[in-house]
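File shown: work13.cif (mmCIF, C-alpha atoms).
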```
data_query
loop_
_atom_site.group_PDB
_atom_site.id
_atom_site.type_symbol
_atom_site.label_atom_id
_atom_site.label_comp_id
_atom_site.auth_asym_id
_atom_site.auth_seq_id
_atom_site.Cartn_x
_atom_site.Cartn_y
_atom_site.Cartn_z
ATOM 1 C CA MET S 1 0.000 0.000 0.000
ATOM 2 C CA ALA S 2 1.473 3.331 -1.046
ATOM 3 C CA VAL S 3 1.687 6.160 1.433
ATOM 4 C CA PRO S 4 -0.022 9.254 -0.018
ATOM 5 C CA GLY S 5 2.494 11.954 -0.857
ATOM 6 C CA PHE S 6 5.493 9.728 -0.141
ATOM 7 C CA ASP S 7 6.116 8.968 -3.819
ATOM 8 C CA TRP S 8 6.856 12.649 -4.344
ATOM 9 C CA PHE S 9 9.822 12.380 -1.970
ATOM 10 C CA SER S 10 10.844 8.845 -2.883
ATOM 11 C CA ASP S 11 11.179 9.663 -6.586
ATOM 12 C CA ARG S 12 13.582 12.539 -5.885
ATOM 13 C CA VAL S 13 16.175 10.886 -3.649
ATOM 14 C CA ASP S 14 18.913 8.283 -3.936
ATOM 15 C CA TRP S 15 18.089 6.093 -0.947
ATOM 16 C CA VAL S 16 21.558 4.604 -0.515
ATOM 17 C CA SER S 17 23.151 8.057 -0.458
ATOM 18 C CA LEU S 18 20.415 9.364 1.835
ATOM 19 C CA VAL S 19 21.113 6.654 4.396
ATOM 20 C CA ARG S 20 24.853 7.304 4.141
ATOM 21 C CA GLY S 21 24.330 11.047 4.569
ATOM 22 C CA ALA S 22 22.017 10.546 7.545
ATOM 23 C CA SER S 23 24.538 8.178 9.108
ATOM 24 C CA LEU S 24 27.311 10.735 8.628
ATOM 25 C CA ALA S 25 25.180 13.476 10.208
ATOM 26 C CA PHE S 26 24.321 11.193 13.118
ATOM 27 C CA SER S 27 28.009 10.382 13.674
ATOM 28 C CA VAL S 28 29.061 14.036 13.564
ATOM 29 C CA LEU S 29 26.256 15.022 15.944
ATOM 30 C CA VAL S 30 27.163 12.273 18.432
ATOM 31 C CA VAL S 31 30.897 12.979 18.362
ATOM 32 C CA GLY S 32 30.272 16.743 18.493
ATOM 33 C CA GLY S 33 27.920 16.306 21.441
ATOM 34 C CA LEU S 34 30.391 14.140 23.301
ATOM 35 C CA ALA S 35 33.158 16.666 22.607
ATOM 36 C CA ALA S 36 31.015 19.609 23.769
ATOM 37 C CA PRO S 37 32.730 19.953 27.171
ATOM 38 C CA LEU S 38 36.085 20.277 25.417
ATOM 39 C CA GLY S 39 34.707 22.394 22.574
ATOM 40 C CA ALA S 40 33.180 24.826 25.044
ATOM 41 C CA ARG S 41 36.696 25.753 26.175
ATOM 42 C CA ILE S 42 37.719 27.027 22.739
ATOM 43 C CA PRO S 43 37.644 30.840 22.679
ATOM 44 C CA VAL S 44 35.028 32.394 20.371
ATOM 45 C CA VAL S 45 33.793 28.991 19.105
ATOM 46 C CA GLY S 46 33.000 27.514 22.522
ATOM 47 C CA PRO S 47 29.610 29.090 23.194
ATOM 48 C CA ALA S 48 28.362 28.037 19.749
ATOM 49 C CA TRP S 49 29.979 24.579 19.683
ATOM 50 C CA LEU S 50 26.759 22.572 19.405
ATOM 51 C CA ILE S 51 25.289 24.937 16.819
ATOM 52 C CA LEU S 52 28.413 24.716 14.665
ATOM 53 C CA THR S 53 28.476 20.946 15.073
ATOM 54 C CA ALA S 54 24.869 20.712 13.894
ATOM 55 C CA VAL S 55 25.495 22.970 10.883
ATOM 56 C CA VAL S 56 28.563 20.933 9.865
ATOM 57 C CA ALA S 57 26.622 17.680 10.280
ATOM 58 C CA PHE S 58 23.708 18.930 8.163
ATOM 59 C CA VAL S 59 25.980 20.260 5.419
ATOM 60 C CA LEU S 60 27.934 17.011 5.247
ATOM 61 C CA ALA S 61 24.713 14.988 5.097
ATOM 62 C CA GLY S 62 23.198 17.217 2.436
ATOM 63 C CA TYR S 63 26.288 17.147 0.259
ATOM 64 C CA ARG S 64 26.090 13.354 -0.235
ATOM 65 C CA ILE S 65 23.580 13.385 -3.074
ATOM 66 C CA GLY S 66 24.608 10.382 -5.167
ATOM 67 C CA ASP S 67 22.262 10.104 -8.155
ATOM 68 C CA ALA S 68 19.364 11.988 -6.579
ATOM 69 C CA ALA S 69 16.959 13.527 -9.072
ATOM 70 C CA ASP S 70 16.424 16.592 -6.870
ATOM 71 C CA PRO S 71 19.574 17.326 -4.830
ATOM 72 C CA ARG S 72 17.859 19.962 -2.657
ATOM 73 C CA VAL S 73 15.090 17.630 -1.528
ATOM 74 C CA HIS S 74 17.600 14.826 -1.066
ATOM 75 C CA GLY S 75 19.979 17.013 0.986
ATOM 76 C CA ALA S 76 17.196 18.269 3.216
ATOM 77 C CA GLY S 77 15.915 14.726 3.732
ATOM 78 C CA ALA S 78 19.346 13.367 4.642
ATOM 79 C CA ALA S 79 19.985 16.178 7.135
ATOM 80 C CA VAL S 80 16.574 15.780 8.775
ATOM 81 C CA ALA S 81 16.995 11.990 8.967
ATOM 82 C CA GLY S 82 20.375 12.430 10.676
ATOM 83 C CA TYR S 83 18.844 14.747 13.253
ATOM 84 C CA VAL S 84 15.870 12.461 13.865
ATOM 85 C CA LEU S 85 18.284 9.577 14.495
ATOM 86 C CA VAL S 86 20.058 11.510 17.250
ATOM 87 C CA LEU S 87 16.888 12.684 19.034
ATOM 88 C CA PRO S 88 16.547 9.548 21.211
ATOM 89 C CA LEU S 89 20.066 10.145 22.516
ATOM 90 C CA VAL S 90 19.164 13.753 23.291
ATOM 91 C CA VAL S 91 16.130 12.567 25.259
ATOM 92 C CA LEU S 92 18.256 10.059 27.176
ATOM 93 C CA GLY S 93 20.904 12.670 27.940
ATOM 94 C CA THR S 94 18.646 15.568 28.915
ATOM 95 C CA GLY S 95 15.483 13.847 30.084
ATOM 96 C CA GLY S 96 13.280 15.576 27.533
ATOM 97 C CA LEU S 97 13.036 17.764 24.476
ATOM 98 C CA ASP S 98 12.501 21.492 24.124
ATOM 99 C CA PRO S 99 9.892 21.777 21.335
ATOM 100 C CA LEU S 100 11.192 25.152 20.158
ATOM 101 C CA GLN S 101 14.747 23.817 19.912
ATOM 102 C CA VAL S 102 13.561 20.767 17.961
ATOM 103 C CA VAL S 103 11.606 22.902 15.488
ATOM 104 C CA LEU S 104 14.464 25.366 15.001
ATOM 105 C CA THR S 105 16.986 22.569 14.576
ATOM 106 C CA LEU S 106 14.739 20.822 12.051
ATOM 107 C CA LEU S 107 14.428 24.105 10.157
ATOM 108 C CA THR S 108 18.219 24.466 10.213
ATOM 109 C CA ALA S 109 18.588 20.886 8.944
ATOM 110 C CA VAL S 110 16.197 21.528 6.066
ATOM 111 C CA VAL S 111 17.862 24.789 5.027
ATOM 112 C CA MET S 112 21.487 23.658 5.393
ATOM 113 C CA GLY S 113 20.849 20.233 3.863
ATOM 114 C CA ALA S 114 18.993 21.723 0.903
ATOM 115 C CA LEU S 115 21.697 24.341 0.353
ATOM 116 C CA ALA S 116 24.456 21.713 0.475
ATOM 117 C CA GLY S 117 22.467 19.450 -1.858
ATOM 118 C CA HIS S 118 21.965 22.329 -4.284
ATOM 119 C CA LEU S 119 25.703 23.066 -4.331
ATOM 120 C CA ALA S 120 26.585 19.381 -4.702
ATOM 121 C CA GLY S 121 24.089 19.075 -7.556
ATOM 122 C CA GLY S 122 25.698 22.010 -9.346
ATOM 123 C CA ASN S 123 29.122 20.429 -8.947
ATOM 124 C CA ARG S 124 27.809 17.076 -10.182
ATOM 125 C CA ASP S 125 26.205 18.685 -13.223
ATOM 126 C CA ARG S 126 29.379 20.610 -14.108
ATOM 127 C CA ARG S 127 31.500 17.464 -13.782
ATOM 128 C CA GLY S 128 29.035 15.556 -15.962
ATOM 129 C CA ALA S 129 29.035 18.281 -18.621
ATOM 130 C CA ALA S 130 32.847 18.355 -18.719
ATOM 131 C CA ARG S 131 33.082 14.674 -19.691
#
```
Could you show the structure in this file as structure tokens?
Amino acid sequence: MAVPGFDWFSDRVDWVSLVRGASLAFSVLVVGGLAAPLGARIPVVGPAWLILTAVVAFVLAGYRIGDAADPRVHGAGAAVAGYVLVLPLVVLGTGGLDPLQVVLTLLTAVVMGALAGHLAGGNRDRRGAAR
């Protein structure tokens, strides 16, 4: 049985690359979260350590587009999937979720993943045209 509206997304992504991108984002988020006490000691960067970690994770996830038909949708999906994978660990570590933080982080994942996917798609298209 098909899920209504899901075909729209499914037809635009490369599932293998999406899983790899989400896994990369998850790994960066976990390592960045574990390194937060050390990262907080770095001047200038310290107070924004977790924000920078999340942005890097979402960009890396979004840049792995593979053969996706729509790199922006694919990048956003990979970044969001990586964040969703780490949410259970956040709940275990903090005892709950701040709804505003979740929404803002999801918005950041969508924007940064889509932007990275767009840039990766442009690079892929230029490389393909040069052959």
TODO: Specify as number ranges by chain each residue included when the PyMOL selection byres ((chain S and resi 87-90) around 12) is applied to this file.
DONE: S: 26-27, 29-31, 33-34, 80-86, 91-99, 101-102, 105-106
What separates atom CA of S:Ala114 and atom CA of S:Leu18 is a distance of 12.5 Å
Draw an axis-aligned box over all listed atoms of stretch 79-89 of chain S, pad each side with 5 Å, and write its centre and edge lengths in Å, one decimal, as lines of an AutoDock Vina configuration file.
```
center_x = 18.1
center_y = 12.9
center_z = 14.8
size_x = 14.5
size_y = 16.6
size_z = 25.4
```
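Among S:Trp15, S:His118, S:Arg20, S:Leu52, the residue with the shortest atom-to-atom distance to S:Ala40, counting only C-alpha atoms, is S:Leu52.
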Counting all atoms listed in the file, figure out which residue out of S:Val45, S:Ala69, S:Ala61, S:Leu38 gets nearest to S:Ala109.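 That would be S:Ala61, the residue with the smallest distance to S:Ala109.
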6 Å contact set for S:Tyr63, all atoms listed in the file, chain neighbours under 6 positions out, as a PDB file with C-alpha atoms, in the frame of the given file:
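Final file, out.pdb:
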```pdb
ATOM      1  CA  ALA S 116      24.456  21.713   0.475  1.00  0.00           C
ATOM      2  CA  GLY S 117      22.467  19.450  -1.858  1.00  0.00           C
ATOM      3  CA  ALA S 120      26.585  19.381  -4.702  1.00  0.00           C
TER       4      ALA S 120
END
```
Inset, instruction - Find the residues around S:Ala25 up to 7 Å (all atoms listed in the file counted), leave out those fewer than 3 positions away in its own chain, and share them as a list in words. - result: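 Once the adjacent positions are removed, what remains is Gly21, Ala22, Val28, Leu29, Ala57, Phe58, Leu60, Ala61, Ala79 and Gly82 of chain S.
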So what do you get for atom CA of S:Phe9 versus atom CA of S:Gly113, distance-wise?
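Answer for the atom CA of S:Phe9 to atom CA of S:Gly113 separation: 14.7 Å.
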